[in-house]
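Pasting data.cif here (mmCIF, C-alpha atoms and all ligand atoms):
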```cif
data_entry
loop_
_atom_site.label_atom_id
_atom_site.label_comp_id
_atom_site.auth_asym_id
_atom_site.auth_seq_id
_atom_site.Cartn_x
_atom_site.Cartn_y
_atom_site.Cartn_z
CA MET A 1 -25.08 -30.34 11.83
CA THR A 2 -21.35 -30.32 11.17
CA THR A 3 -19.27 -33.30 10.17
CA ALA A 4 -15.60 -33.97 10.89
CA THR A 5 -14.72 -33.34 7.24
CA GLN A 6 -16.24 -29.84 7.10
CA ILE A 7 -13.70 -27.03 7.28
CA LEU A 8 -14.88 -24.34 9.68
CA GLY A 9 -13.67 -20.77 10.02
CA THR A 10 -11.15 -19.03 7.76
CA SER A 11 -7.38 -19.31 7.60
CA LEU A 12 -5.09 -16.29 7.84
CA LEU A 13 -4.41 -16.40 4.09
CA GLU A 14 -8.11 -16.52 3.26
CA ARG A 15 -8.63 -13.30 5.22
CA ILE A 16 -6.31 -11.35 2.88
CA GLY A 17 -8.13 -9.22 0.29
CA ASN A 18 -11.84 -8.64 -0.33
CA THR A 19 -11.61 -5.47 1.75
CA PRO A 20 -14.61 -3.10 2.02
CA LEU A 21 -14.99 -0.09 -0.29
CA VAL A 22 -15.77 2.88 1.95
CA ARG A 23 -17.84 5.82 0.66
CA LEU A 24 -16.33 9.24 1.40
CA ASP A 25 -19.48 11.25 0.61
CA GLU A 26 -18.64 14.01 3.05
CA LEU A 27 -15.82 15.14 0.77
CA THR A 28 -18.01 15.51 -2.31
CA THR A 29 -21.04 17.33 -0.91
CA GLY A 30 -21.85 20.01 -3.46
CA MET A 31 -20.45 17.87 -6.30
CA PRO A 32 -23.48 15.93 -7.59
CA GLY A 33 -22.60 12.85 -9.63
CA ILE A 34 -19.11 12.61 -8.14
CA GLN A 35 -18.18 9.84 -5.70
CA ILE A 36 -14.91 9.08 -3.91
CA LEU A 37 -14.50 5.53 -2.61
CA GLY A 38 -11.60 4.18 -0.54
CA LYS A 39 -10.48 0.57 -0.33
CA ALA A 40 -10.17 -0.13 3.42
CA GLU A 41 -6.92 -2.09 3.31
CA TRP A 42 -6.49 -2.00 7.09
CA ALA A 43 -9.09 -4.80 7.11
CA ASN A 44 -6.36 -7.21 5.98
CA PRO A 45 -5.08 -9.38 8.87
CA GLY A 46 -1.65 -7.67 8.93
CA GLY A 47 -3.38 -4.27 8.85
CA SER A 48 -2.27 -3.02 5.43
CA VAL A 49 -2.43 -3.36 1.65
CA LYS A 50 0.98 -5.05 1.77
CA ASP A 51 -0.57 -8.34 2.92
CA ARG A 52 -1.57 -8.83 -0.72
CA ALA A 53 1.92 -8.54 -2.23
CA ALA A 54 3.66 -10.32 0.66
CA SER A 55 1.29 -13.30 0.56
CA ALA A 56 1.72 -13.66 -3.22
CA ILE A 57 5.53 -13.45 -2.89
CA VAL A 58 5.52 -15.99 -0.03
CA ALA A 59 3.14 -18.41 -1.80
CA ASP A 60 5.36 -18.34 -4.89
CA ALA A 61 8.56 -18.90 -2.83
CA LEU A 62 6.93 -21.80 -0.95
CA ARG A 63 5.80 -23.38 -4.23
CA ARG A 64 9.38 -23.15 -5.52
CA GLY A 65 10.85 -24.53 -2.26
CA LEU A 66 12.86 -21.35 -1.61
CA ILE A 67 11.74 -20.78 2.00
CA GLY A 68 11.04 -23.18 4.85
CA PRO A 69 11.75 -23.88 8.50
CA THR A 70 15.52 -23.45 7.93
CA GLN A 71 15.44 -21.14 4.91
CA ALA A 72 14.81 -17.49 5.76
CA LEU A 73 13.04 -14.86 3.72
CA LEU A 74 15.05 -11.60 3.47
CA ASP A 75 13.79 -8.22 2.26
CA ALA A 76 14.07 -4.46 2.66
CA THR A 77 10.93 -2.68 3.84
CA SER A 78 9.85 0.58 5.39
CA GLY A 79 7.35 -1.24 7.57
CA ASN A 80 4.11 -2.66 6.24
CA THR A 81 5.60 -5.33 3.98
CA GLY A 82 7.80 -6.34 6.90
CA ILE A 83 4.79 -6.72 9.17
CA ALA A 84 3.06 -8.83 6.51
CA TYR A 85 6.13 -11.07 6.02
CA ALA A 86 6.58 -11.39 9.81
CA MET A 87 2.93 -12.40 10.24
CA LEU A 88 3.16 -14.95 7.41
CA GLY A 89 6.50 -16.31 8.67
CA ALA A 90 4.95 -16.88 12.10
CA ALA A 91 1.84 -18.56 10.65
CA LEU A 92 3.62 -20.67 8.01
CA HIS A 93 6.80 -21.38 9.99
CA PHE A 94 9.71 -19.84 8.09
CA PRO A 95 12.24 -17.33 9.51
CA VAL A 96 12.06 -13.69 8.38
CA THR A 97 14.96 -11.18 8.27
CA LEU A 98 14.12 -7.56 7.45
CA CYS A 99 16.34 -4.57 6.64
CA MET A 100 14.65 -1.40 7.79
CA PRO A 101 15.57 2.25 8.54
CA SER A 102 15.89 2.66 12.32
CA ASN A 103 13.53 5.65 12.36
CA VAL A 104 10.38 3.68 11.48
CA SER A 105 7.61 4.41 13.96
CA PRO A 106 7.86 2.82 17.44
CA GLU A 107 4.51 1.14 16.80
CA ARG A 108 5.95 -0.71 13.78
CA LYS A 109 8.95 -1.90 15.77
CA LYS A 110 6.59 -3.37 18.36
CA TYR A 111 4.55 -5.28 15.77
CA LEU A 112 7.70 -6.83 14.30
CA ALA A 113 9.06 -7.80 17.71
CA ALA A 114 5.70 -9.34 18.62
CA TYR A 115 5.74 -11.57 15.51
CA GLY A 116 9.38 -12.54 16.22
CA ALA A 117 11.07 -11.25 13.02
CA ASN A 118 14.86 -10.60 12.88
CA ILE A 119 15.56 -6.94 12.10
CA VAL A 120 18.72 -5.42 10.61
CA TRP A 121 18.46 -1.69 11.34
CA THR A 122 19.84 0.69 8.69
CA ASN A 123 20.84 4.36 8.65
CA PRO A 124 17.69 6.54 8.84
CA ALA A 125 19.41 9.26 6.76
CA GLU A 126 19.51 6.78 3.84
CA GLY A 127 15.76 6.02 4.08
CA SER A 128 14.32 2.98 2.32
CA ASP A 129 17.21 3.05 -0.20
CA GLY A 130 19.67 2.35 2.65
CA ALA A 131 17.57 -0.68 3.62
CA ILE A 132 17.59 -1.90 0.00
CA ARG A 133 21.40 -1.59 -0.18
CA MET A 134 21.75 -3.57 3.08
CA ALA A 135 19.45 -6.37 1.88
CA ARG A 136 21.42 -6.62 -1.39
CA LYS A 137 24.67 -6.81 0.61
CA LEU A 138 23.39 -9.56 2.95
CA ALA A 139 22.02 -11.56 0.00
CA ALA A 140 25.34 -11.24 -1.87
CA GLU A 141 27.45 -12.17 1.18
CA ALA A 142 25.45 -15.29 2.08
CA PRO A 143 23.50 -16.37 -1.00
CA GLY A 144 22.60 -19.78 0.45
CA ALA A 145 21.30 -18.39 3.74
CA TYR A 146 18.42 -16.35 2.40
CA PHE A 147 15.74 -16.11 -0.21
CA TYR A 148 15.93 -12.41 -1.14
CA ALA A 149 12.27 -11.67 -1.88
CA ASP A 150 13.03 -8.21 -3.35
CA GLN A 151 9.54 -6.71 -3.39
CA TYR A 152 10.83 -3.90 -5.64
CA SER A 153 11.64 -6.36 -8.44
CA ASN A 154 9.39 -9.34 -7.69
CA GLU A 155 6.66 -9.71 -10.33
CA GLN A 156 4.39 -11.34 -7.73
CA ASN A 157 4.05 -7.91 -6.09
CA TRP A 158 2.12 -6.25 -8.93
CA LEU A 159 0.50 -9.54 -9.99
CA SER A 160 -1.18 -9.79 -6.58
CA HIS A 161 -3.05 -6.54 -7.33
CA TYR A 162 -3.72 -7.58 -10.93
CA HIS A 163 -5.44 -10.73 -9.65
CA THR A 164 -7.23 -9.31 -6.58
CA THR A 165 -7.44 -5.52 -5.97
CA ALA A 166 -8.51 -4.56 -9.50
CA ASN A 167 -11.18 -7.26 -9.83
CA GLU A 168 -12.57 -6.35 -6.39
CA ILE A 169 -12.83 -2.66 -7.40
CA TRP A 170 -14.53 -3.61 -10.66
CA ALA A 171 -17.12 -5.78 -8.89
CA GLN A 172 -17.64 -3.49 -5.88
CA THR A 173 -18.36 -0.47 -8.11
CA ASP A 174 -20.69 -2.52 -10.30
CA HIS A 175 -18.29 -1.73 -13.21
CA GLN A 176 -18.90 2.03 -12.70
CA VAL A 177 -15.33 3.03 -11.71
CA THR A 178 -14.07 5.92 -13.90
CA HIS A 179 -10.82 6.88 -12.11
CA PHE A 180 -8.24 4.97 -10.09
CA VAL A 181 -5.81 6.83 -7.82
CA ALA A 182 -2.91 5.26 -5.88
CA GLY A 183 0.39 6.29 -4.31
CA LEU A 184 3.72 4.85 -5.49
CA GLY A 185 5.97 2.93 -3.09
CA THR A 186 7.25 -0.22 -4.75
CA SER A 187 4.51 0.76 -7.28
CA GLY A 188 3.02 -2.76 -7.08
CA THR A 189 -0.47 -1.53 -6.13
CA PHE A 190 -0.62 1.01 -8.95
CA MET A 191 0.96 -1.19 -11.65
CA GLY A 192 -1.10 -4.33 -11.03
CA THR A 193 -4.44 -2.64 -10.42
CA THR A 194 -4.03 -0.31 -13.41
CA ARG A 195 -3.07 -3.09 -15.82
CA ARG A 196 -6.16 -5.16 -14.95
CA LEU A 197 -8.60 -2.23 -14.79
CA ARG A 198 -7.46 -1.12 -18.26
CA GLU A 199 -8.24 -4.60 -19.59
CA LEU A 200 -11.70 -4.43 -18.03
CA ASN A 201 -12.36 -0.89 -19.36
CA PRO A 202 -9.64 0.98 -21.29
CA GLY A 203 -11.45 4.26 -20.55
CA ILE A 204 -10.64 4.22 -16.81
CA ARG A 205 -8.18 7.03 -16.01
CA CYS A 206 -5.36 5.81 -13.76
CA ILE A 207 -3.53 8.46 -11.75
CA SER A 208 -0.40 7.87 -9.68
CA MET A 209 0.68 10.04 -6.77
CA GLN A 210 4.10 10.47 -5.18
CA PRO A 211 5.70 12.80 -2.62
CA ASP A 212 6.58 16.24 -3.97
CA SER A 213 10.10 16.10 -2.50
CA PRO A 214 12.73 13.56 -1.39
CA PHE A 215 12.30 14.73 2.21
CA ASN A 216 8.71 14.02 3.16
CA GLY A 217 6.51 12.41 5.79
CA LEU A 218 4.64 10.12 3.40
CA GLU A 219 5.84 6.82 4.85
CA GLY A 220 5.66 3.98 2.32
CA LEU A 221 5.80 6.29 -0.74
CA LYS A 222 8.79 7.08 -2.98
CA HIS A 223 9.95 10.26 -4.69
CA MET A 224 10.89 8.47 -7.92
CA ALA A 225 13.11 11.22 -9.35
CA THR A 226 15.60 10.84 -6.49
CA ALA A 227 15.03 7.25 -5.25
CA ILE A 228 16.29 3.85 -6.39
CA VAL A 229 13.57 3.24 -8.98
CA PRO A 230 11.78 -0.11 -8.45
CA LYS A 231 12.34 -2.55 -11.31
CA ILE A 232 8.59 -3.24 -11.50
CA TYR A 233 7.79 0.48 -12.00
CA ASP A 234 6.76 1.57 -15.50
CA PRO A 235 6.44 5.37 -15.53
CA THR A 236 4.57 5.29 -18.86
CA LEU A 237 1.56 3.43 -17.40
CA ALA A 238 -0.10 6.33 -15.56
CA ASP A 239 -2.37 8.75 -17.41
CA GLU A 240 -1.08 11.37 -15.02
CA ASN A 241 1.15 11.69 -11.95
CA ILE A 242 0.23 14.10 -9.15
CA PRO A 243 2.85 15.31 -6.64
CA MET A 244 1.64 15.50 -3.02
CA GLU A 245 2.81 17.68 -0.12
CA THR A 246 3.09 16.08 3.32
CA GLU A 247 1.10 18.93 4.93
CA ARG A 248 -1.86 18.29 2.61
CA ALA A 249 -1.80 14.60 3.53
CA TYR A 250 -1.78 15.47 7.25
CA ALA A 251 -4.67 17.90 6.72
CA MET A 252 -6.68 15.21 4.95
CA CYS A 253 -5.97 12.69 7.74
CA LEU A 254 -7.40 15.19 10.22
CA ARG A 255 -10.39 15.94 8.01
CA LEU A 256 -11.18 12.23 7.63
CA ALA A 257 -10.80 11.74 11.39
CA ARG A 258 -12.96 14.71 12.39
CA ARG A 259 -15.56 14.84 9.64
CA CYS A 260 -15.87 11.17 8.64
CA GLY A 261 -14.82 9.34 11.82
CA LEU A 262 -12.11 7.53 9.85
CA LEU A 263 -8.61 7.14 11.27
CA VAL A 264 -6.34 6.44 8.29
CA GLY A 265 -2.56 6.41 7.80
CA VAL A 266 -0.62 9.25 6.19
CA SER A 267 -0.27 7.68 2.72
CA ALA A 268 -4.04 7.06 2.76
CA GLY A 269 -4.56 10.75 3.60
CA ALA A 270 -2.31 11.61 0.64
CA ALA A 271 -4.31 9.30 -1.65
CA VAL A 272 -7.64 10.83 -0.62
CA ALA A 273 -6.26 14.36 -1.05
CA THR A 274 -5.26 13.37 -4.59
CA ALA A 275 -8.67 11.81 -5.26
CA LEU A 276 -10.33 15.03 -4.07
CA GLN A 277 -8.15 17.08 -6.44
CA VAL A 278 -9.33 14.85 -9.30
CA ALA A 279 -12.97 15.13 -8.08
CA GLU A 280 -12.83 18.93 -8.03
CA ARG A 281 -11.44 19.01 -11.54
CA GLU A 282 -14.11 16.63 -12.89
CA HIS A 283 -16.83 18.67 -11.16
CA ALA A 284 -15.48 21.91 -12.63
CA ALA A 285 -15.59 20.27 -16.08
CA GLY A 286 -19.24 19.28 -15.52
CA ARG A 287 -18.49 15.54 -15.59
CA GLU A 288 -19.67 12.69 -13.33
CA ALA A 289 -17.05 10.38 -11.82
CA VAL A 290 -16.58 7.32 -9.59
CA ILE A 291 -13.08 7.75 -8.19
CA VAL A 292 -11.54 4.80 -6.32
CA THR A 293 -8.43 5.08 -4.20
CA ILE A 294 -6.48 2.87 -1.82
CA LEU A 295 -6.45 3.48 1.95
CA CYS A 296 -3.21 1.56 2.54
CA ASP A 297 -3.49 1.34 6.31
CA SER A 298 -5.17 2.81 9.38
CA ALA A 299 -3.80 5.50 11.68
CA GLU A 300 -2.89 2.89 14.30
CA LYS A 301 0.84 2.88 13.48
CA TYR A 302 1.06 6.69 13.21
CA MET A 303 -0.59 7.75 16.46
CA SER A 304 2.75 9.02 17.83
CA GLU A 305 2.86 11.63 15.00
CA ARG A 306 2.37 15.10 16.38
CA PHE A 307 0.06 16.44 13.70
CA TRP A 308 -3.01 14.73 15.18
CA THR A 309 -3.02 17.16 18.09
CA GLU A 310 -0.73 19.98 17.02
CA ALA A 311 -2.58 21.23 13.99
CA PRO A 312 -6.29 21.36 14.90
CA ASP A 313 -6.78 24.44 12.69
CA ILE A 314 -5.46 22.94 9.46
CA LEU A 315 -8.88 21.70 8.37
C1 LIG B 1 1.57 2.87 4.15
C2 LIG B 1 1.91 2.54 2.74
N1 LIG B 1 1.36 3.26 1.77
C3 LIG B 1 1.65 3.01 0.47
C4 LIG B 1 2.52 2.03 0.09
C5 LIG B 1 2.82 1.82 -1.37
O1 LIG B 1 2.33 0.65 -1.94
P1 LIG B 1 3.12 -0.05 -3.13
O2 LIG B 1 4.40 -0.58 -2.56
O3 LIG B 1 2.23 -1.12 -3.63
O4 LIG B 1 3.40 1.00 -4.16
C6 LIG B 1 3.12 1.27 1.07
C7 LIG B 1 4.10 0.26 0.71
O5 LIG B 1 4.83 -0.24 1.52
C8 LIG B 1 2.81 1.53 2.43
O6 LIG B 1 3.38 0.83 3.42
#
```

Let me see the file written as structure tokens.
Amino acid sequence: MTTATQILGTSLLERIGNTPLVRLDELTTGMPGIQILGKAEWANPGGSVKDRAASAIVADALRRGLIGPTQALLDATSGNTGIAYAMLGAALHFPVTLCMPSNVSPERKKYLAAYGANIVWTNPAEGSDGAIRMARKLAAEAPGAYFYADQYSNEQNWLSHYHTTANEIWAQTDHQVTHFVAGLGTSGTFMGTTRRLRELNPGIRCISMQPDSPFNGLEGLKHMATAIVPKIYDPTLADENIPMETERAYAMCLRLARRCGLLVGVSAGAAVATALQVAEREHAAGREAVIVTILCDSAEKYMSERFWTEAPDIL
């Protein structure tokens, strides 16, 4: 029996986080004692890991009265954070203005239009840095019109992973995690998860990954040596940083699709390729390992990429 005071179902915000940890056993056959596990972040309601940071940033801004029905949230994003903000703006009734390179995938543009966000398109040749410069300009020109969320500097970004992602990994691996691997975009996922995991067990090795060149197809990730470095990024935190080639990420996306039945996004392919590199090294050294990585989103928003059909022999 239900009563009128019982709250049924879950709200949008309650559906963020607590994503499944997927076993990728196919990749480690022949490596006894080594496991690779991926956090299935596409299970978040906005379809990506960025729901975590965006919801923490929005909750903080709402608490401080900085956004509301007539006060817009402004930020620069290459896509997933924008989708998360747009979803939250629609659900919690505040306007959202996003600065974004005009070459983001057509699928992303459709999601943002569907949620009703305002988009300021920026020069694709300037990448995510061009979007950041535009957001800074808009915020400076009309300081009263916007709350500039600035995911690259906002402490709530990494704190969201400190409070959720890391504790979930710790519990879901029954405290067995030995390695954590994540790509660097704003760096929020890596910074927050690493800080908390190190508190839980200082022996966990935390490995960051970034594109091997400024010109790459790893959407959402930054080549730190040539990019505007996020304020929240601390390069001394990682035990190691592994550079990743776009072609290897594509190859891993295909391998996961065809051998595991998993359709993941390109940065997730890059993360798994990095985790496999770590697995092979641990195996060669005769060690056991439980390697956890982040599958930032599914392949849904990348289906127009040509590599899915053009490179069937790259496995
Ligand atoms: C697809 C994808 N992968 C990875 C990242 C990087 O995550 P973070 O910004 O927490 O470093 C992002 C960030 O936008 C992303 O959209």

Quiz item: Do you know which residues are at most 6 Å from range 229-232 of chain A counting only C-alpha atoms, after dropping those on the same chain fewer than 6 positions away, and could you put them as a PyMOL selection string?
Solution: chain A and resi 152-153+186

Write a file of the just-selected residues containing C-alpha atoms, as a CSV table (one decimal), in the frame of the given file.
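Saved the output as selection.csv:
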```csv
chain,number,residue,atom,x,y,z
A,152,TYR,CA,10.8,-3.9,-5.6
A,153,SER,CA,11.6,-6.4,-8.4
A,186,THR,CA,7.2,-0.2,-4.8
```

Quiz prompt | Point (1.9, -17.5, 8.9) neighbourhood (10 Å, only C-alpha atoms) written as a list in words | solution =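 Checking each residue against the 10 Å limit leaves Ser11, Leu12, Leu13, Ser55, Val58, Ala84, Tyr85, Ala86, Met87, Leu88, Gly89, Ala90, Ala91, Leu92, His93, Phe94 and Tyr115 of chain A.
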
Quiz item: Using all atoms listed in the file, what residues lie at most 12 Å away from (17.1, -15.2, -1.5) (file coordinates), given as a ChimeraX atom specification?
Solution: /A:57-58,61,64-68,71-76,96-97,135-151,154

Exercise. May I ask for the distance between CA of Gly47 in chain A and CA of Asn157 in chain A, given in Å to one decimal place?
Key: 17.1 Å

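The protein and nucleic acid residues lying at most 8 Å from Trp121 in chain A are A:Cys99, A:Met100, A:Pro101, A:Ser102, A:Ala131, with only C-alpha atoms considered and sequence neighbours fewer than 4 positions away removed.
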
Self-check item: Atomic separation - CA of Ile34 in chain A relative to CA of Gly203 in chain A, Å
Solution: 16.8 Å

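Within the 9 Å cut-off around Ser208 in chain A, using all atoms listed in the file and omitting residues fewer than 2 positions from it on the same chain, the listed residues are A:Phe180, A:Val181, A:Ala182, A:Gly183, A:Leu184, A:Ser187, A:Phe190, A:Cys206, A:Gln210, A:Ala238, A:Asp239, A:Glu240, A:Asn241, A:Ile242, A:Pro243, A:Thr274.
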
Quiz prompt | Expected selection as a list of chain:residue names for ligand LIG 1 (chain B) within 6 Å, only C-alpha atoms and all ligand atoms | solution =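 Result of the 6 Å neighbour search around ligand LIG 1 (chain B): A:Asn80, A:Thr81, A:Gly183, A:Leu184, A:Gly185, A:Thr186, A:Ser187, A:Gly188, A:Thr189, A:Glu219, A:Gly220, A:Leu221, A:Ser267, A:Cys296, A:Asp297.
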
Exercise. Could you tell me how far CA of Leu276 in chain A lies from CA of Arg258 in chain A, in Å and to one decimal?
Key: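 So the answer is 16.7 Å.
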
Self-check item: Among the residues A:Val290, A:Ala171, A:Ala166, A:Ile16, the one that comes closest to Lys50 in chain A [using all atoms listed in the file]
Solution: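 Ranked by minimum distance to Lys50 in chain A, first place goes to A:Ile16.
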
Quiz item: From the set A:Asp25, A:Phe215, A:Gly261, A:Asp234, which residue has the shortest atom-to-atom contact distance to Pro124 in chain A, counting all atoms listed in the file?
Solution: A:Phe215

Quiz item: Which is closest to Thr178 in chain A among A:Leu263, A:Leu37, A:Ala285, A:Ala257, if we use all atoms listed in the file?
Solution: A:Leu37
